[in-house]
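Peer 1: What follows is my_file14.csv; its format and atoms are CSV, C-alpha atoms.
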chain,number,residue,atom,x,y,z
W,1,MET,CA,145.9,85.6,90.4
W,2,LYS,CA,142.2,84.9,90.8
W,3,VAL,CA,140.1,87.9,89.7
W,4,TYR,CA,136.6,88.8,91.0
W,5,ASN,CA,134.9,91.2,88.6
W,6,PHE,CA,132.5,93.6,90.4
W,7,SER,CA,131.7,95.6,87.2
W,8,PRO,CA,128.2,97.0,86.9
W,9,GLY,CA,128.2,96.1,83.2
W,10,PRO,CA,129.4,94.6,81.1
W,11,SER,CA,129.6,92.3,84.0
W,12,VAL,CA,130.9,88.9,85.2
W,13,LEU,CA,129.6,85.9,83.3
W,14,PRO,CA,129.4,82.3,84.8
W,15,LEU,CA,132.6,80.5,84.3
W,16,PRO,CA,130.8,77.3,82.9
W,17,VAL,CA,129.2,79.5,80.3
W,18,LEU,CA,132.5,81.0,79.1
W,19,GLU,CA,134.1,77.6,79.0
W,20,LYS,CA,131.2,76.1,76.9
W,21,ALA,CA,131.3,79.1,74.6
W,22,ALA,CA,135.0,78.7,74.2
W,23,ALA,CA,134.7,75.0,73.4
W,24,GLU,CA,132.0,75.7,70.8
W,25,MET,CA,133.6,78.8,69.3
W,26,THR,CA,134.4,77.1,66.0
W,27,ASP,CA,131.7,74.3,66.0
W,28,VAL,CA,128.4,74.7,67.8
W,29,ASN,CA,125.9,71.8,67.9
W,30,GLY,CA,128.0,69.8,65.4
W,31,THR,CA,127.4,72.3,62.6
W,32,GLY,CA,131.0,73.0,61.9
W,33,GLN,CA,130.3,76.7,62.3
W,34,SER,CA,130.7,79.4,64.9
W,35,VAL,CA,127.5,81.1,65.9
W,36,MET,CA,129.2,84.3,64.8
W,37,GLU,CA,129.1,83.2,61.1
W,38,MET,CA,125.7,81.5,61.0
W,39,SER,CA,122.8,83.0,59.0
W,40,HIS,CA,120.1,84.0,61.4
W,41,ARG,CA,117.5,82.5,59.1
W,42,SER,CA,119.3,79.1,58.8
W,43,LYS,CA,118.1,75.8,60.1
W,44,ASP,CA,121.2,75.7,62.3
W,45,TYR,CA,120.4,79.0,64.1
W,46,LYS,CA,116.7,78.6,64.6
W,47,PRO,CA,117.0,76.0,67.4
W,48,ILE,CA,119.4,78.4,69.3
W,49,ILE,CA,117.0,81.4,69.4
W,50,GLU,CA,114.0,79.1,70.1
W,51,LYS,CA,115.8,77.4,73.0
W,52,THR,CA,116.8,80.8,74.5
W,53,GLU,CA,113.2,82.1,74.3
W,54,ALA,CA,111.8,78.9,75.8
W,55,LEU,CA,114.2,78.9,78.7
W,56,LEU,CA,113.5,82.6,79.4
W,57,ARG,CA,109.7,81.9,79.4
W,58,GLU,CA,110.2,78.9,81.7
W,59,LEU,CA,112.5,80.7,84.2
W,60,MET,CA,110.5,83.9,84.4
W,61,GLY,CA,107.1,82.3,84.1
W,62,ILE,CA,106.1,84.5,81.2
W,63,PRO,CA,102.4,84.1,80.3
W,64,SER,CA,101.5,83.0,76.8
W,65,ASN,CA,99.9,86.4,76.0
W,66,TYR,CA,103.3,88.1,76.1
W,67,LYS,CA,105.8,88.3,73.3
W,68,VAL,CA,109.5,88.0,73.9
W,69,LEU,CA,111.7,90.1,71.6
W,70,PHE,CA,115.5,90.1,71.2
W,71,LEU,CA,116.4,93.6,70.0
W,72,GLN,CA,119.4,95.9,70.0
W,73,GLY,CA,120.1,99.4,71.3
W,74,GLY,CA,120.2,98.6,75.0
W,75,ALA,CA,117.7,99.8,77.6
W,76,SER,CA,118.5,103.3,76.4
W,77,LEU,CA,116.7,102.7,73.1
W,78,GLN,CA,113.7,101.5,75.0
W,79,PHE,CA,113.5,104.9,76.6
W,80,SER,CA,112.3,105.9,73.1
W,81,MET,CA,110.5,102.8,71.9
W,82,VAL,CA,108.2,102.6,74.9
W,83,PRO,CA,106.7,106.1,74.4
W,84,LEU,CA,106.7,105.8,70.6
W,85,ASN,CA,104.7,102.6,70.7
W,86,LEU,CA,102.4,103.4,73.6
W,87,ALA,CA,101.9,107.2,73.8
W,88,ALA,CA,103.0,109.0,70.6
W,89,GLY,CA,100.4,110.8,68.6
W,90,ASP,CA,99.6,111.0,64.9
W,91,VAL,CA,101.7,114.2,64.8
W,92,PRO,CA,105.3,114.0,65.9
W,93,GLY,CA,105.8,115.9,69.2
W,94,VAL,CA,102.2,115.5,70.4
W,95,GLY,CA,101.5,112.5,72.6
W,96,LYS,CA,99.4,111.0,75.3
W,97,LYS,CA,100.1,111.3,79.0
W,98,ALA,CA,102.6,109.0,80.8
W,99,SER,CA,103.6,108.7,84.4
W,100,TYR,CA,107.2,108.3,85.5
W,101,ILE,CA,108.8,107.8,88.9
W,102,ASP,CA,112.2,109.3,89.2
W,103,THR,CA,114.5,107.1,91.3
W,104,GLY,CA,117.9,107.7,89.8
W,105,ILE,CA,119.9,108.7,86.8
W,106,TRP,CA,118.6,106.1,84.4
W,107,ALA,CA,115.0,106.8,85.5
W,108,GLU,CA,115.6,110.5,84.9
W,109,LYS,CA,117.1,109.8,81.4
W,110,ALA,CA,114.1,107.6,80.5
W,111,ALA,CA,111.7,110.3,81.4
W,112,LYS,CA,113.6,113.0,79.5
W,113,GLU,CA,113.7,110.9,76.4
W,114,ALA,CA,110.0,110.0,76.7
W,115,ALA,CA,109.1,113.7,76.9
W,116,LYS,CA,110.0,114.0,73.2
W,117,TYR,CA,107.0,111.8,72.3
W,118,ALA,CA,104.6,111.9,75.3
W,119,ALA,CA,103.3,114.3,77.9
W,120,VAL,CA,105.5,113.1,80.8
W,121,ASP,CA,104.3,113.5,84.4
W,122,ILE,CA,106.9,112.9,87.1
W,123,LYS,CA,104.7,111.5,89.8
W,124,ALA,CA,107.3,111.2,92.5
W,125,SER,CA,111.1,111.5,92.9
W,126,SER,CA,113.8,110.6,95.4
W,127,LYS,CA,116.2,113.2,94.1
W,128,ASP,CA,115.8,115.3,97.2
W,129,LYS,CA,117.9,112.7,99.2
W,130,ALA,CA,120.3,111.8,96.4
W,131,TYR,CA,118.1,108.9,95.3
W,132,THR,CA,118.9,106.9,98.5
W,133,TYR,CA,115.3,105.7,98.8
W,134,ILE,CA,112.2,104.7,96.7
W,135,PRO,CA,109.4,107.2,97.0
W,136,ALA,CA,105.7,106.2,97.5
W,137,ALA,CA,104.1,105.6,94.1
W,138,PRO,CA,101.0,107.8,93.6
W,139,ALA,CA,98.1,106.4,91.5
W,140,PRO,CA,98.2,107.0,87.8
W,141,SER,CA,96.3,109.9,86.3
W,142,PRO,CA,93.1,109.3,84.3
W,143,GLY,CA,94.0,108.7,80.6
W,144,ASP,CA,97.7,107.7,81.2
W,145,ALA,CA,99.1,105.6,78.4
W,146,TYR,CA,101.4,103.8,80.8
W,147,TYR,CA,103.3,104.1,84.2
W,148,HIS,CA,107.1,103.7,84.2
W,149,ILE,CA,109.5,102.6,86.9
W,150,THR,CA,113.1,101.6,87.0
W,151,PHE,CA,113.0,98.5,89.2
W,152,ASN,CA,116.6,98.4,90.2
W,153,ASN,CA,118.8,101.5,90.1
W,154,THR,CA,122.2,100.4,89.1
W,155,ILE,CA,124.1,103.6,90.0
W,156,VAL,CA,122.6,104.4,93.4
W,157,GLY,CA,121.9,100.9,94.6
W,158,THR,CA,118.1,101.0,95.3
W,159,LYS,CA,115.3,98.7,94.2
W,160,TRP,CA,111.5,98.7,94.5
W,161,ASP,CA,110.5,96.7,97.6
W,162,LYS,CA,107.0,96.1,96.1
W,163,ILE,CA,105.4,96.4,92.7
W,164,PRO,CA,103.2,99.6,92.5
W,165,GLU,CA,99.5,99.2,91.9
W,166,THR,CA,98.6,101.0,88.7
W,167,ASP,CA,95.0,99.9,88.2
W,168,SER,CA,94.3,99.5,84.5
W,169,VAL,CA,97.2,101.5,83.3
W,170,PRO,CA,100.0,99.3,81.9
W,171,LEU,CA,103.1,99.2,84.2
W,172,VAL,CA,106.4,99.4,82.3
W,173,SER,CA,109.7,98.7,83.9
W,174,ASP,CA,113.4,98.7,83.2
W,175,ILE,CA,114.8,95.5,84.8
W,176,SER,CA,118.2,95.6,83.2
W,177,SER,CA,120.2,95.1,86.4
W,178,CYS,CA,117.9,92.8,88.3
W,179,ILE,CA,116.4,90.5,85.7
W,180,LEU,CA,116.3,86.9,87.0
W,181,SER,CA,117.8,87.9,90.3
W,182,GLU,CA,114.7,87.0,92.2
W,183,PRO,CA,111.1,86.0,91.3
W,184,LEU,CA,109.0,88.6,89.5
W,185,ASP,CA,105.4,88.4,88.6
W,186,VAL,CA,105.5,89.3,84.9
W,187,SER,CA,101.7,89.5,84.7
W,188,ARG,CA,101.8,92.6,86.8
W,189,PHE,CA,103.5,94.5,84.0
W,190,GLY,CA,102.6,95.6,80.5
W,191,ILE,CA,106.3,95.8,79.3
W,192,LEU,CA,109.5,94.7,80.9
W,193,TYR,CA,112.8,95.5,79.2
W,194,ALA,CA,116.5,94.7,80.0
W,195,GLY,CA,119.9,95.3,78.5
W,196,ALA,CA,121.6,91.9,78.6
W,197,GLN,CA,125.1,93.1,79.8
W,198,LYS,CA,124.4,92.9,83.5
W,199,ASN,CA,122.7,89.6,84.4
W,200,LEU,CA,122.0,87.9,81.1
W,201,GLY,CA,124.9,87.9,78.7
W,202,PRO,CA,127.2,90.2,76.7
W,203,ALA,CA,126.4,93.8,75.7
W,204,GLY,CA,124.5,94.2,72.4
W,205,THR,CA,121.2,92.3,73.1
W,206,THR,CA,118.1,93.8,74.7
W,207,VAL,CA,115.2,91.6,75.9
W,208,VAL,CA,111.7,93.1,75.7
W,209,ILE,CA,108.7,91.2,77.2
W,210,ILE,CA,105.5,92.8,76.0
W,211,ARG,CA,101.8,92.0,76.5
W,212,ASP,CA,100.0,91.3,73.2
W,213,ASP,CA,97.4,94.1,73.6
W,214,LEU,CA,100.2,96.7,73.8
W,215,ILE,CA,101.6,95.8,70.3
W,216,GLY,CA,100.4,97.7,67.2
W,217,HIS,CA,99.8,101.2,68.6
W,218,ALA,CA,102.7,103.0,67.1
W,219,PRO,CA,101.8,105.9,64.8
W,220,ALA,CA,102.4,105.6,61.1
W,221,TRP,CA,105.4,107.9,61.2
W,222,THR,CA,107.3,105.6,63.6
W,223,PRO,CA,110.5,104.2,62.0
W,224,ALA,CA,110.2,100.5,61.2
W,225,MET,CA,113.1,99.5,63.5
W,226,LEU,CA,111.3,101.2,66.5
W,227,ARG,CA,108.0,99.4,66.1
W,228,TYR,CA,107.2,96.5,68.4
W,229,ASP,CA,104.6,95.2,66.0
W,230,ILE,CA,107.2,94.7,63.2
W,231,HIS,CA,109.7,92.9,65.4
W,232,ALA,CA,106.9,90.7,66.9
W,233,ALA,CA,105.5,89.8,63.5
W,234,GLU,CA,109.0,88.7,62.4
W,235,ASP,CA,109.9,86.9,65.6
W,236,SER,CA,112.8,89.3,66.3
W,237,MET,CA,114.2,88.8,62.8
W,238,TYR,CA,113.0,91.8,60.9
W,239,ASN,CA,116.7,92.5,60.5
W,240,THR,CA,119.8,90.5,61.6
W,241,PRO,CA,119.4,90.1,65.4
W,242,PRO,CA,122.4,90.0,67.8
W,243,CYS,CA,122.9,86.3,67.1
W,244,TYR,CA,125.9,85.6,69.3
W,245,GLY,CA,124.5,87.5,72.2
W,246,ILE,CA,121.3,85.5,72.0
W,247,TYR,CA,123.3,82.3,72.0
W,248,ILE,CA,125.2,83.3,75.1
W,249,ILE,CA,122.0,84.3,76.9
W,250,GLY,CA,120.8,80.8,76.1
W,251,LEU,CA,123.9,79.3,77.8
W,252,VAL,CA,123.4,81.6,80.8
W,253,LEU,CA,119.7,80.6,81.1
W,254,GLU,CA,120.8,76.9,80.9
W,255,TRP,CA,123.3,77.5,83.7
W,256,LEU,CA,120.7,79.1,85.8
W,257,LYS,CA,118.2,76.3,85.3
W,258,ASN,CA,120.8,73.8,86.3
W,259,LEU,CA,121.4,75.7,89.5
W,260,GLY,CA,117.7,75.3,90.4
W,261,GLY,CA,116.2,78.4,88.7
W,262,VAL,CA,115.2,81.8,89.9
W,263,ASP,CA,114.2,80.7,93.4
W,264,ALA,CA,117.6,79.1,94.0
W,265,ILE,CA,119.6,82.1,92.7
W,266,ALA,CA,117.4,84.5,94.7
W,267,LYS,CA,118.4,82.6,97.9
W,268,LEU,CA,122.1,82.9,97.0
W,269,ASN,CA,121.7,86.5,96.0
W,270,ARG,CA,120.1,87.4,99.4
W,271,GLU,CA,122.8,85.5,101.2
W,272,LYS,CA,125.5,87.5,99.3
W,273,ALA,CA,123.8,90.8,99.9
W,274,ASP,CA,123.0,90.2,103.5
W,275,LEU,CA,126.7,89.2,104.1
W,276,PHE,CA,128.0,92.4,102.5
W,277,TYR,CA,125.4,94.8,104.1
W,278,SER,CA,126.0,93.2,107.5
W,279,TYR,CA,129.7,94.1,107.2
W,280,LEU,CA,129.0,97.6,106.0
W,281,ASP,CA,126.6,98.2,108.9
W,282,SER,CA,129.2,97.1,111.4
W,283,SER,CA,132.2,98.8,109.8
W,284,ARG,CA,133.9,101.8,111.4
W,285,LEU,CA,135.2,103.0,108.0
W,286,PHE,CA,132.7,102.0,105.3
W,287,TYR,CA,128.9,102.5,105.1
W,288,SER,CA,126.0,102.2,102.7
W,289,PRO,CA,124.2,105.5,102.0
W,290,VAL,CA,121.0,103.7,100.9
W,291,GLU,CA,118.0,103.4,103.3
W,292,LYS,CA,117.6,99.8,104.4
W,293,PRO,CA,114.1,98.9,103.0
W,294,TYR,CA,115.2,99.9,99.5
W,295,ARG,CA,118.7,98.3,99.2
W,296,SER,CA,119.5,96.5,96.0
W,297,LEU,CA,120.5,92.9,95.9
W,298,MET,CA,122.6,93.5,92.8
W,299,ASN,CA,124.4,96.8,93.1
W,300,ILE,CA,125.8,98.0,96.5
W,301,PRO,CA,127.4,101.4,96.6
W,302,PHE,CA,129.5,102.3,99.6
W,303,VAL,CA,131.6,105.2,100.8
W,304,THR,CA,134.1,106.0,103.6
W,305,MET,CA,133.3,107.9,106.8
W,306,ALA,CA,136.3,110.4,106.3
W,307,ASP,CA,135.6,113.7,107.9
W,308,ASP,CA,136.7,115.9,105.0
W,309,ASP,CA,136.3,115.6,101.3
W,310,ALA,CA,140.0,115.6,100.4
W,311,LYS,CA,140.7,112.7,102.9
W,312,LYS,CA,137.6,110.9,101.6
W,313,THR,CA,138.7,111.1,98.0
W,314,GLU,CA,142.2,110.0,98.9
W,315,GLN,CA,140.9,107.0,100.9
W,316,GLU,CA,138.5,105.8,98.2
W,317,THR,CA,141.0,106.2,95.3
W,318,ARG,CA,143.6,104.2,97.3
W,319,PHE,CA,141.0,101.6,98.2
W,320,VAL,CA,140.0,101.0,94.5
W,321,LYS,CA,143.7,100.8,93.5
W,322,GLU,CA,144.7,98.4,96.2
W,323,ALA,CA,141.7,96.2,95.8
W,324,ALA,CA,142.5,95.9,92.1
W,325,ALA,CA,146.0,94.8,93.0
W,326,GLN,CA,144.4,92.0,95.0
W,327,GLY,CA,142.2,90.9,92.1
W,328,LEU,CA,139.1,92.7,93.2
W,329,ILE,CA,138.4,94.7,90.1
W,330,ASN,CA,136.0,97.4,88.9
W,331,LEU,CA,135.0,98.7,92.3
W,332,ALA,CA,135.0,102.4,91.5
W,333,GLY,CA,131.6,104.1,91.8
W,334,HIS,CA,129.8,105.6,88.8
W,335,ARG,CA,131.6,108.8,87.6
W,336,LEU,CA,128.5,110.9,88.5
W,337,VAL,CA,128.3,109.8,92.1
W,338,GLY,CA,131.9,108.7,93.1
W,339,GLY,CA,132.6,106.4,96.0
W,340,MET,CA,132.7,102.6,95.4
W,341,ARG,CA,130.3,100.1,94.2
W,342,ALA,CA,130.2,96.3,94.3
W,343,SER,CA,127.9,94.8,91.7
W,344,ILE,CA,127.2,91.2,92.8
W,345,TYR,CA,125.1,89.8,89.9
W,346,ASN,CA,123.9,86.2,89.6
W,347,ALA,CA,127.3,85.1,88.3
W,348,MET,CA,129.3,86.5,91.2
W,349,PRO,CA,130.1,83.6,93.6
W,350,ILE,CA,129.8,84.1,97.3
W,351,ASP,CA,133.5,83.6,97.6
W,352,GLY,CA,134.0,86.8,95.7
W,353,VAL,CA,131.9,88.7,98.3
W,354,LYS,CA,133.8,87.1,101.1
W,355,ALA,CA,137.1,88.0,99.5
W,356,LEU,CA,136.0,91.6,99.2
W,357,ILE,CA,134.9,91.8,102.8
W,358,GLU,CA,138.2,90.3,104.0
W,359,PHE,CA,140.1,92.9,102.0
W,360,MET,CA,137.9,95.7,103.4
W,361,LYS,CA,138.6,94.6,106.9
W,362,LYS,CA,142.3,94.7,106.3
W,363,PHE,CA,142.1,98.1,104.6
W,364,GLU,CA,140.0,99.4,107.6
W,365,GLY,CA,142.6,98.1,110.0
W,366,LYS,CA,145.3,100.2,108.4
W,367,LYS,CA,143.3,103.3,107.4
Please go through the file and, once you have read it, give me the structure as structure tokens.
Peer 2:
Amino acid sequence: MKVYNFSPGPSVLPLPVLEKAAAEMTDVNGTGQSVMEMSHRSKDYKPIIEKTEALLRELMGIPSNYKVLFLQGGASLQFSMVPLNLAAGDVPGVGKKASYIDTGIWAEKAAKEAAKYAAVDIKASSKDKAYTYIPAAPAPSPGDAYYHITFNNTIVGTKWDKIPETDSVPLVSDISSCILSEPLDVSRFGILYAGAQKNLGPAGTTVVIIRDDLIGHAPAWTPAMLRYDIHAAEDSMYNTPPCYGIYIIGLVLEWLKNLGGVDAIAKLNREKADLFYSYLDSSRLFYSPVEKPYRSLMNIPFVTMADDDAKKTEQETRFVKEAAAQGLINLAGHRLVGGMRASIYNAMPIDGVKALIEFMKKFEGKK
């Protein structure tokens, strides 16, 4: 049975990438070694990490005055590293001001973590409507160390429709679930960060793209592993990096370049999303709770129109179970919000979206 994996992360990877990784499992680049057993400081591994960074710079158009770091700890560790490096004071617990926009559970977690090191100001929130829209972004406050947004909200399925203007205050964004899904002007941001397990590669690697002038401001008490300047000075090799994850990211980037790059995948992503949203908007059973201007291309939550909670829960539980039996897996919504969710990242073929729609039509017919 053919399986289409709609998981929000770790998520589907391109089949050609998996096949190449399998073929090279015991011998990559004629070295007679698996990447898993290579020394990260060896002459055999150096071209792997250098190629991955070069491809990422090319595909994202990363300016030369930005460093690319391959770290660990996921986006969640960046919730701490960003304020520690940009806003923490000389005394632990006392920090500069930082603005946050609350657009979902991950944005909320980022702000809560930052409040341990910075004076966090929640400038706006969409919590009043269950995070189904993106609020207007007020101007930063005088003296803000940075301004933080979560560009694509994986759980609730919203994304920023335009980059906020933050004047001279560095704009920082979590782009874990939308990196490389459509063009993004890196120069508009001070820091971009992304966990790899949604659109780049396997879990365990975090990409940080940081402008040079924002490196080197961590207070002396900051742990070495949480300092951007140390990782930048050592080219992501202060300690052993996630070597295999970086290798797979390189294969994914190579695959994306061969497809035609970010412009080409963006066109395909819009086609997939338009197809699915069009069905949801015409369905008599399923609908998207997200306001149209802010709908994500990558993560599409949907629910049923049942008129009572018990019936709704029964329908949605049955839908997820029956879909899985047809090879449409990992469609349950996040445990905190329920419902269903289809994550249609770069590697999800349009045939997978079409197969899901056909199943939903059949399910709707026998509701």
Peer 1: Need the neighbours of (121.1, 88.8, 99.4): which residues are at most 10 Å away, counting only C-alpha atoms, as a short mmCIF file (atom, residue, chain, number, x, y, z; two decimals) with C-alpha atoms, in the coordinates of the input?
Peer 2:
data_model
loop_
_atom_site.label_atom_id
_atom_site.label_comp_id
_atom_site.auth_asym_id
_atom_site.auth_seq_id
_atom_site.Cartn_x
_atom_site.Cartn_y
_atom_site.Cartn_z
CA SER W 181 117.80 87.90 90.30
CA GLU W 182 114.70 87.00 92.20
CA ILE W 265 119.60 82.10 92.70
CA ALA W 266 117.40 84.50 94.70
CA LYS W 267 118.40 82.60 97.90
CA LEU W 268 122.10 82.90 97.00
CA ASN W 269 121.70 86.50 96.00
CA ARG W 270 120.10 87.40 99.40
CA GLU W 271 122.80 85.50 101.20
CA LYS W 272 125.50 87.50 99.30
CA ALA W 273 123.80 90.80 99.90
CA ASP W 274 123.00 90.20 103.50
CA LEU W 275 126.70 89.20 104.10
CA PHE W 276 128.00 92.40 102.50
CA TYR W 277 125.40 94.80 104.10
CA ARG W 295 118.70 98.30 99.20
CA SER W 296 119.50 96.50 96.00
CA LEU W 297 120.50 92.90 95.90
CA MET W 298 122.60 93.50 92.80
CA ILE W 344 127.20 91.20 92.80
#
Peer 1: Please identify all polymer residues lying at most 9 Å from the point (132.2, 104.9, 93.8) (file coordinates), using only C-alpha atoms, and present the result as a PDB file with C-alpha atoms, in the frame of the given file.
Peer 2:
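See part_32.pdb below for the written result:
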ATOM      1  CA  PRO W 301     127.400 101.400  96.600  1.00  0.00           C
ATOM      2  CA  PHE W 302     129.500 102.300  99.600  1.00  0.00           C
ATOM      3  CA  VAL W 303     131.600 105.200 100.800  1.00  0.00           C
ATOM      4  CA  GLU W 316     138.500 105.800  98.200  1.00  0.00           C
ATOM      5  CA  VAL W 320     140.000 101.000  94.500  1.00  0.00           C
ATOM      6  CA  LEU W 331     135.000  98.700  92.300  1.00  0.00           C
ATOM      7  CA  ALA W 332     135.000 102.400  91.500  1.00  0.00           C
ATOM      8  CA  GLY W 333     131.600 104.100  91.800  1.00  0.00           C
ATOM      9  CA  HIS W 334     129.800 105.600  88.800  1.00  0.00           C
ATOM     10  CA  ARG W 335     131.600 108.800  87.600  1.00  0.00           C
ATOM     11  CA  LEU W 336     128.500 110.900  88.500  1.00  0.00           C
ATOM     12  CA  VAL W 337     128.300 109.800  92.100  1.00  0.00           C
ATOM     13  CA  GLY W 338     131.900 108.700  93.100  1.00  0.00           C
ATOM     14  CA  GLY W 339     132.600 106.400  96.000  1.00  0.00           C
ATOM     15  CA  MET W 340     132.700 102.600  95.400  1.00  0.00           C
ATOM     16  CA  ARG W 341     130.300 100.100  94.200  1.00  0.00           C
ATOM     17  CA  ALA W 342     130.200  96.300  94.300  1.00  0.00           C
TER      18      ALA W 342
END
Peer 1: Which residues, written as a PyMOL selection string, have at least one atom at most 9 Å from Ile48 (chain W), with all atoms listed in the file counted and residues fewer than 2 positions away on the same chain left out?
Peer 2: chain W and resi 44-46+50-53+243+246-247+250
Peer 1: When you count only C-alpha atoms, which of these residues is closest to Ala22 (chain W): W:Ile248, W:Ile179, W:Val94, W:Leu69?
Peer 2: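 For Ala22 (chain W), the nearest of the candidates is W:Ile248.
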Peer 1: Rounded to one decimal in Å, what is the spacing between CA of Lys354 (chain W) and CA of Pro14 (chain W)?
Peer 2: 17.6 Å
